[in-house]
Amino acid sequence: MGLLSVGQPMTWEETKKLSQHVREHGIIQFINLYKRLKDRQGDVLKWGDEIEYILVTFDDKERTAKVCLRAHEILSTLQIKEEADPEGVKSLWRPEYGAYMVEGTPGQPYGGMLAHFNIVEANMRYRREEVEELLKDGEAILSITSFPRLGCENFSHPPVKATPHSGATRSLFFPDGAIFPGHPRFATLSRNIRERRGEKVAINIPIYRDERTPIPIDDSHKKDKAARPDHIYMDAMGFGMGCCCLQLTFQACNINEARTLYDQLTPLAPIMLALTAASPLHRGFVADIDCRWNIIASSVDDRTDEERGLRPLQSNRFVINKSRFDSIDSYLSPEGDKFNDVPLIYDEKVYKKLRDHDIDHLLAQHIAHLFIRDSISLFSEKVHQNDEQDTDHFENIQSTNWQTLRFKPPPPNSTIGWRVEFRPCEIQITDFENAAIVCFVVLVTRVILSFKLNFLIPISKVDENMKKAQKRNAVLAEHFWFRRDVSMQTAATQSSEPQEAAAASAASTDVYTPMTVNEIINGKNGEFPGLIPLINNYLSGMDVDADTHCTIQRYLKFISRRASGEILTTATWIRQFVTGHPNYEQDSRVTDEINYDLLKTIKGIQSGEIPCPELLGYNPVSKTTEDIPPVIAKVAGH
Ligand code: ADP
Ligand code: MG
Ligand code: MG
């Protein structure tokens, strides 16, 4: 059986009937795996990145750029090497939602040595070249978060038509033919989310209002009552899950370290989202936001109208305040407990069952909360399982809770330990930028653990930050709630403090203060050290060879400049490219021609043929820090 081996997806009606079955067995499977693995110790830091790419077909005569629907074909070839030698390959390739998407990871995770930072970017380049070798004339592999004209007339090559009255998606814009065809999971998810919800998903994002932007922006509101006339309306899972992102997974030495990392990275998620913002264009329009996050959240929002609080509960059990895709809802470590200030929804019986098996309150409520969701994709051959060994039912629910962080137990019968996945970041144009972000986040985890830092703020404040992070130019314009004193000793050492007093002091505004991304990353005069100075402090106590030092410093310099506004975020750069294009008509539209020029330029930047100091700071191909050109302090206008 190949890596893309296929099972038999069940209908939504069948899946729905089995939802309680999946939940019950999923919980038993978690309890069993927890008992087996809770005391597992001594795993070392391992980590890896995941990068998603979009395949594009350029037509230089017509001056068009379209998504290229050859991912299945290309993946089949890419995976031949892995099937022959799973341990020996330098890269692993997986399908993603779009028929035009591929996801690549390093062949093996990286280890704890700082010198591994020297190979991250080279591995990313290798992956890109590996795909490039399989491309035909005119095709390209781009690491872009959103395809600017996704869902527009003729946006794919070959062309496929949307089918509003039949099929899995029933979108006005997004055809089922643009969903990855090599595995039924993706179309099944799309169909079941729509059927569970009782209607199509509805995504409305604010249009960027330019001088000649017509309102209504198009006639969507005449076709669907869910469409808001002054918003970019999208009605399919593909608009969200068809976006690309950058993810990182870390292995912790034991379950407690994983819980600490999960919590401590949570307040950084919105900061990293703002810093990596890269998706201001959707369905051929310029949006007034810079990130994909809310679009994906709405694109898989399978809550019924009862669950969304629009009608009194009758056939559903809970009113749920978020989509299955969103920022996390509770901390997991003892330090985090008092910052869990948003009431968690869960089934008391599930919670009690976990508690009866000696799972502590924080972990029990986390799992019970994930399990308020139904299975939305079930394969007939997976219904009956051995709960002592299998974890498929647990994973079924776990892997369809798409949140900023994921707490991952060790897989059955493997050498892999407890892990945490960091999921907010948007994808950048060049391997250099992606490598810089990846190495920066890894370094932050080392600093957190070595210096025992504490970034925790109330969950409600993290939620507020997530909203701010997506706004246009948030990296420079917004103030984020951030912890004032990150070295402060926490609940663990104040255990004598009564629960109410602890909660009150957590909620107190003494704990957090508004800061810009620049202040968080680079520091604020005497008040806050800054993440990069903390990293440099950490590095100064380490024996770092010259090569590694140079690699790390060029990455930190880049992050520092993005945060300060010396160089632009990808989103701002894209926005400026479109609004500065000679044929842009101040109407917030990304025409075929603008799309073509933009993606051609992106391709040139990514290969190094087109220098772009306003985005990168200096020539990314060079490895010396000498050739840094004068800084361009251009900040998004309007
Ligand atoms: P997902 O849950 O997103 O499908 P996977 O479990 O397939 O992710 O893991 C993907 C990522 O985890 C890759 O970046 C890979 O390099 C990394 N990875 C693989 N093994 C480990 C490990 N033992 N510890 C940490 N990360 C790992
Ligand atoms: Mg993925
Ligand atoms: Mg992942």
# chains A, B, ... in the order shown; residues from 1 in each chain; ligands from 1

$ residues_near_ligand --ligand "ligand 2" --cutoff "9 Å" --atoms "only C-alpha atoms and all ligand atoms" --output "PyMOL selection string"
chain A and resi 50-52+94-97+102-104+241+244-247

$ write_last_selection --atoms "N, CA and C atoms" --output "PDB file, in the first residue's frame"
ATOM      1  N   GLU A  50       7.220  22.287   9.149  1.00  0.00           N
ATOM      2  CA  GLU A  50       6.345  21.853   8.051  1.00  0.00           C
ATOM      3  C   GLU A  50       6.085  23.075   7.195  1.00  0.00           C
ATOM      4  N   ILE A  51       6.332  22.941   5.910  1.00  0.00           N
ATOM      5  CA  ILE A  51       6.053  24.058   4.998  1.00  0.00           C
ATOM      6  C   ILE A  51       5.075  23.609   3.932  1.00  0.00           C
ATOM      7  N   GLU A  52       4.057  24.423   3.723  1.00  0.00           N
ATOM      8  CA  GLU A  52       3.085  24.135   2.668  1.00  0.00           C
ATOM      9  C   GLU A  52       3.362  25.057   1.483  1.00  0.00           C
ATOM     10  N   ARG A  94       3.778  15.308   1.884  1.00  0.00           N
ATOM     11  CA  ARG A  94       2.416  14.901   2.238  1.00  0.00           C
ATOM     12  C   ARG A  94       1.412  15.739   1.452  1.00  0.00           C
ATOM     13  N   PRO A  95       0.219  15.147   1.239  1.00  0.00           N
ATOM     14  CA  PRO A  95      -0.823  15.932   0.569  1.00  0.00           C
ATOM     15  C   PRO A  95      -1.388  16.985   1.503  1.00  0.00           C
ATOM     16  N   GLU A  96      -1.966  17.989   0.936  1.00  0.00           N
ATOM     17  CA  GLU A  96      -2.705  18.981   1.723  1.00  0.00           C
ATOM     18  C   GLU A  96      -4.063  19.173   1.071  1.00  0.00           C
ATOM     19  N   TYR A  97      -4.826  20.091   1.589  1.00  0.00           N
ATOM     20  CA  TYR A  97      -6.218  20.220   1.159  1.00  0.00           C
ATOM     21  C   TYR A  97      -6.376  20.465  -0.350  1.00  0.00           C
ATOM     22  N   VAL A 102       1.267  21.118  -1.825  1.00  0.00           N
ATOM     23  CA  VAL A 102       2.061  20.027  -1.260  1.00  0.00           C
ATOM     24  C   VAL A 102       2.657  20.510   0.058  1.00  0.00           C
ATOM     25  N   GLU A 103       2.917  19.555   0.939  1.00  0.00           N
ATOM     26  CA  GLU A 103       3.521  19.905   2.230  1.00  0.00           C
ATOM     27  C   GLU A 103       4.830  19.137   2.375  1.00  0.00           C
ATOM     28  N   GLY A 104       5.898  19.841   2.712  1.00  0.00           N
ATOM     29  CA  GLY A 104       7.197  19.199   2.863  1.00  0.00           C
ATOM     30  C   GLY A 104       7.760  19.392   4.257  1.00  0.00           C
ATOM     31  N   MET A 241      -8.613  26.174   4.257  1.00  0.00           N
ATOM     32  CA  MET A 241      -7.674  25.055   4.249  1.00  0.00           C
ATOM     33  C   MET A 241      -6.844  25.029   2.965  1.00  0.00           C
ATOM     34  N   CYS A 244      -1.729  28.282   2.884  1.00  0.00           N
ATOM     35  CA  CYS A 244      -0.528  27.597   3.356  1.00  0.00           C
ATOM     36  C   CYS A 244      -0.035  28.199   4.664  1.00  0.00           C
ATOM     37  N   CYS A 245       0.591  27.364   5.481  1.00  0.00           N
ATOM     38  CA  CYS A 245       1.162  27.913   6.711  1.00  0.00           C
ATOM     39  C   CYS A 245       2.466  27.224   7.060  1.00  0.00           C
ATOM     40  N   LEU A 246       3.093  27.733   8.080  1.00  0.00           N
ATOM     41  CA  LEU A 246       4.383  27.235   8.554  1.00  0.00           C
ATOM     42  C   LEU A 246       4.161  26.713   9.970  1.00  0.00           C
ATOM     43  N   GLN A 247       4.496  25.467  10.208  1.00  0.00           N
ATOM     44  CA  GLN A 247       4.292  24.905  11.548  1.00  0.00           C
ATOM     45  C   GLN A 247       5.589  24.309  12.072  1.00  0.00           C
TER      46      GLN A 247
END

$ residues_near_ligand --ligand "ligand 1" --cutoff "8 Å" --atoms "only C-alpha atoms and all ligand atoms" --output "list in words"
Leu45, Lys46, Trp47, Gly48, Asp49, Glu50, Thr105, Pro106, Gly107, Gln108, Pro109, Tyr110, Gln247, Leu248, Thr249, Phe250, Gln251, Ala252, Ser399, Lys408, Thr415, Ile416, Gly417, Trp418, Arg419, Val420 and Glu421 of chain A

$ closest_residue --among "A:Thr516, A:Ser19, A:Gln389, A:Ser487" --to "Pro529 in chain A" --atoms "only C-alpha atoms"
A:Ser487

$ select_by_dssp --residues "range 19-121 of chain A" --states "helix (DSSP H, G or I)" --output "MDAnalysis selection string"
chainID A and resid 19:37 71:84 114:121

$ residues_around --residues "Ile594 in chain A" --least-positions-apart "6" --cutoff "9 Å" --atoms "only C-alpha atoms" --output "PyMOL selection string"
chain A and resi 64+577-578+581-584

$ write_last_selection --atoms "N, CA and C atoms" --output "mmCIF file, in the first residue's frame"
data_model
loop_
_atom_site.group_PDB
_atom_site.id
_atom_site.type_symbol
_atom_site.label_atom_id
_atom_site.label_comp_id
_atom_site.auth_asym_id
_atom_site.auth_seq_id
_atom_site.Cartn_x
_atom_site.Cartn_y
_atom_site.Cartn_z
ATOM 1 N N THR A 64 -1.057 35.303 -17.357
ATOM 2 C CA THR A 64 -1.899 34.823 -16.258
ATOM 3 C C THR A 64 -1.088 33.888 -15.372
ATOM 4 N N PHE A 577 2.665 46.191 -3.320
ATOM 5 C CA PHE A 577 2.884 45.795 -4.717
ATOM 6 C C PHE A 577 1.597 45.986 -5.511
ATOM 7 N N VAL A 578 0.483 45.513 -4.945
ATOM 8 C CA VAL A 578 -0.787 45.592 -5.673
ATOM 9 C C VAL A 578 -1.240 47.042 -5.813
ATOM 10 N N HIS A 581 0.774 48.994 -8.273
ATOM 11 C CA HIS A 581 0.883 48.473 -9.640
ATOM 12 C C HIS A 581 0.306 49.499 -10.611
ATOM 13 N N PRO A 582 1.007 49.758 -11.745
ATOM 14 C CA PRO A 582 0.533 50.814 -12.671
ATOM 15 C C PRO A 582 -0.899 50.594 -13.163
ATOM 16 N N ASN A 583 -1.348 49.344 -13.224
ATOM 17 C CA ASN A 583 -2.707 49.113 -13.721
ATOM 18 C C ASN A 583 -3.745 48.904 -12.621
ATOM 19 N N TYR A 584 -3.341 49.131 -11.395
ATOM 20 C CA TYR A 584 -4.309 49.023 -10.285
ATOM 21 C C TYR A 584 -5.228 50.234 -10.337
#

$ residues_around --residues "range 224-231 of chain A" --least-positions-apart "5" --cutoff "12 Å" --atoms "only C-alpha atoms" --output "MDAnalysis selection string"
chainID A and resid 164 170:173 199:209 213:219 282:283 285:289 588

$ closest_residue --among "A:Tyr512, A:Phe451, A:Phe422, A:Phe432" --to "ligand 3" --atoms "only C-alpha atoms and all ligand atoms"
A:Phe422

$ closest_residue --among "A:Leu568, A:Val319, A:Ile459, A:Leu378" --to "Thr188 in chain A" --atoms "only C-alpha atoms"
A:Leu378

$ closest_residue --among "A:Leu405, A:Ala187, A:Leu313, A:Ile574" --to "ligand 3" --atoms "only C-alpha atoms and all ligand atoms"
A:Leu405

$ closest_residue --among "A:Val342, A:Cys425, A:Ile610, A:Val350" --to "ligand 3" --atoms "only C-alpha atoms and all ligand atoms"
A:Cys425

$ select_by_dssp --residues "range 389-536 of chain A" --states "strand (DSSP E)" --output "list in words"
Trp402, Gln403, Leu405, Arg406, Phe407, Lys408, Arg419, Val420, Glu421, Phe422, Phe480, Trp481, Phe482, Arg483, Tyr512, Thr513, Pro514 and Met515 of chain A

$ closest_residue --among "A:Ile295, A:Leu114, A:Met10, A:Ala368" --to "Phe30 in chain A" --atoms "only C-alpha atoms"
A:Ala368

$ closest_atom_pairs --of "range 267-301 of chain A" --to "range 472-482 of chain A" --cutoff "8 Å" --atoms "only C-alpha atoms" --output "Markdown table"
| residue | atom | partner | partner_atom | distance |
| --- | --- | --- | --- | --- |
| A:Pro267 | CA | A:Phe482 | CA | 7.6 |
| A:Ile271 | CA | A:Phe480 | CA | 7.8 |
| A:Ala274 | CA | A:Val475 | CA | 5.2 |
| A:Leu275 | CA | A:Val475 | CA | 5.7 |
| A:Asp288 | CA | A:Arg472 | CA | 5.9 |
| A:Ile289 | CA | A:Arg472 | CA | 4.7 |
| A:Asp290 | CA | A:Arg472 | CA | 5.1 |

$ write_last_selection --atoms "all heavy atoms" --output "JSON list (two decimals), in the first residue's frame"
[["chain", "number", "residue", "atom", "x", "y", "z"],
["A", 267, "PRO", "N", 0.99, 32.62, 24.53],
["A", 267, "PRO", "CA", 0.95, 34.08, 24.36],
["A", 267, "PRO", "C", 1.81, 34.57, 23.18],
["A", 267, "PRO", "O", 1.63, 35.69, 22.71],
["A", 267, "PRO", "CB", 1.52, 34.61, 25.68],
["A", 267, "PRO", "CG", 1.39, 33.49, 26.65],
["A", 267, "PRO", "CD", 1.55, 32.25, 25.85],
["A", 271, "ILE", "N", 1.59, 37.06, 18.59],
["A", 271, "ILE", "CA", 2.74, 37.92, 18.25],
["A", 271, "ILE", "C", 3.39, 37.40, 16.96],
["A", 271, "ILE", "O", 3.70, 38.16, 16.05],
["A", 271, "ILE", "CB", 3.77, 37.94, 19.41],
["A", 271, "ILE", "CG1", 3.11, 38.21, 20.77],
["A", 271, "ILE", "CG2", 4.91, 38.91, 19.10],
["A", 271, "ILE", "CD1", 2.25, 39.45, 20.82],
["A", 274, "ALA", "N", 1.20, 38.13, 13.90],
["A", 274, "ALA", "CA", 1.34, 39.51, 13.41],
["A", 274, "ALA", "C", 2.67, 39.69, 12.67],
["A", 274, "ALA", "O", 2.75, 40.34, 11.62],
["A", 274, "ALA", "CB", 1.25, 40.49, 14.58],
["A", 275, "LEU", "N", 3.72, 39.09, 13.21],
["A", 275, "LEU", "CA", 5.06, 39.26, 12.63],
["A", 275, "LEU", "C", 5.20, 38.55, 11.29],
["A", 275, "LEU", "O", 5.96, 38.97, 10.42],
["A", 275, "LEU", "CB", 6.10, 38.71, 13.62],
["A", 275, "LEU", "CG", 7.56, 39.03, 13.35],
["A", 275, "LEU", "CD1", 7.83, 40.50, 13.57],
["A", 275, "LEU", "CD2", 8.46, 38.20, 14.26],
["A", 288, "ASP", "N", -8.93, 44.03, 4.15],
["A", 288, "ASP", "CA", -8.47, 44.99, 5.14],
["A", 288, "ASP", "C", -7.78, 44.29, 6.31],
["A", 288, "ASP", "O", -7.55, 44.89, 7.36],
["A", 288, "ASP", "CB", -9.64, 45.84, 5.66],
["A", 288, "ASP", "CG", -9.14, 47.15, 6.24],
["A", 288, "ASP", "OD1", -8.12, 47.65, 5.74],
["A", 288, "ASP", "OD2", -9.75, 47.65, 7.20],
["A", 289, "ILE", "N", -7.49, 43.01, 6.13],
["A", 289, "ILE", "CA", -6.74, 42.26, 7.15],
["A", 289, "ILE", "C", -5.50, 41.68, 6.49],
["A", 289, "ILE", "O", -5.40, 41.63, 5.26],
["A", 289, "ILE", "CB", -7.59, 41.10, 7.72],
["A", 289, "ILE", "CG1", -8.12, 40.24, 6.57],
["A", 289, "ILE", "CG2", -8.73, 41.63, 8.58],
["A", 289, "ILE", "CD1", -8.56, 38.88, 6.96],
["A", 290, "ASP", "N", -4.56, 41.24, 7.32],
["A", 290, "ASP", "CA", -3.28, 40.77, 6.79],
["A", 290, "ASP", "C", -3.05, 39.27, 6.93],
["A", 290, "ASP", "O", -2.01, 38.77, 6.49],
["A", 290, "ASP", "CB", -2.13, 41.49, 7.52],
["A", 290, "ASP", "CG", -1.84, 42.87, 6.91],
["A", 290, "ASP", "OD1", -2.47, 43.21, 5.90],
["A", 290, "ASP", "OD2", -0.98, 43.58, 7.47]]
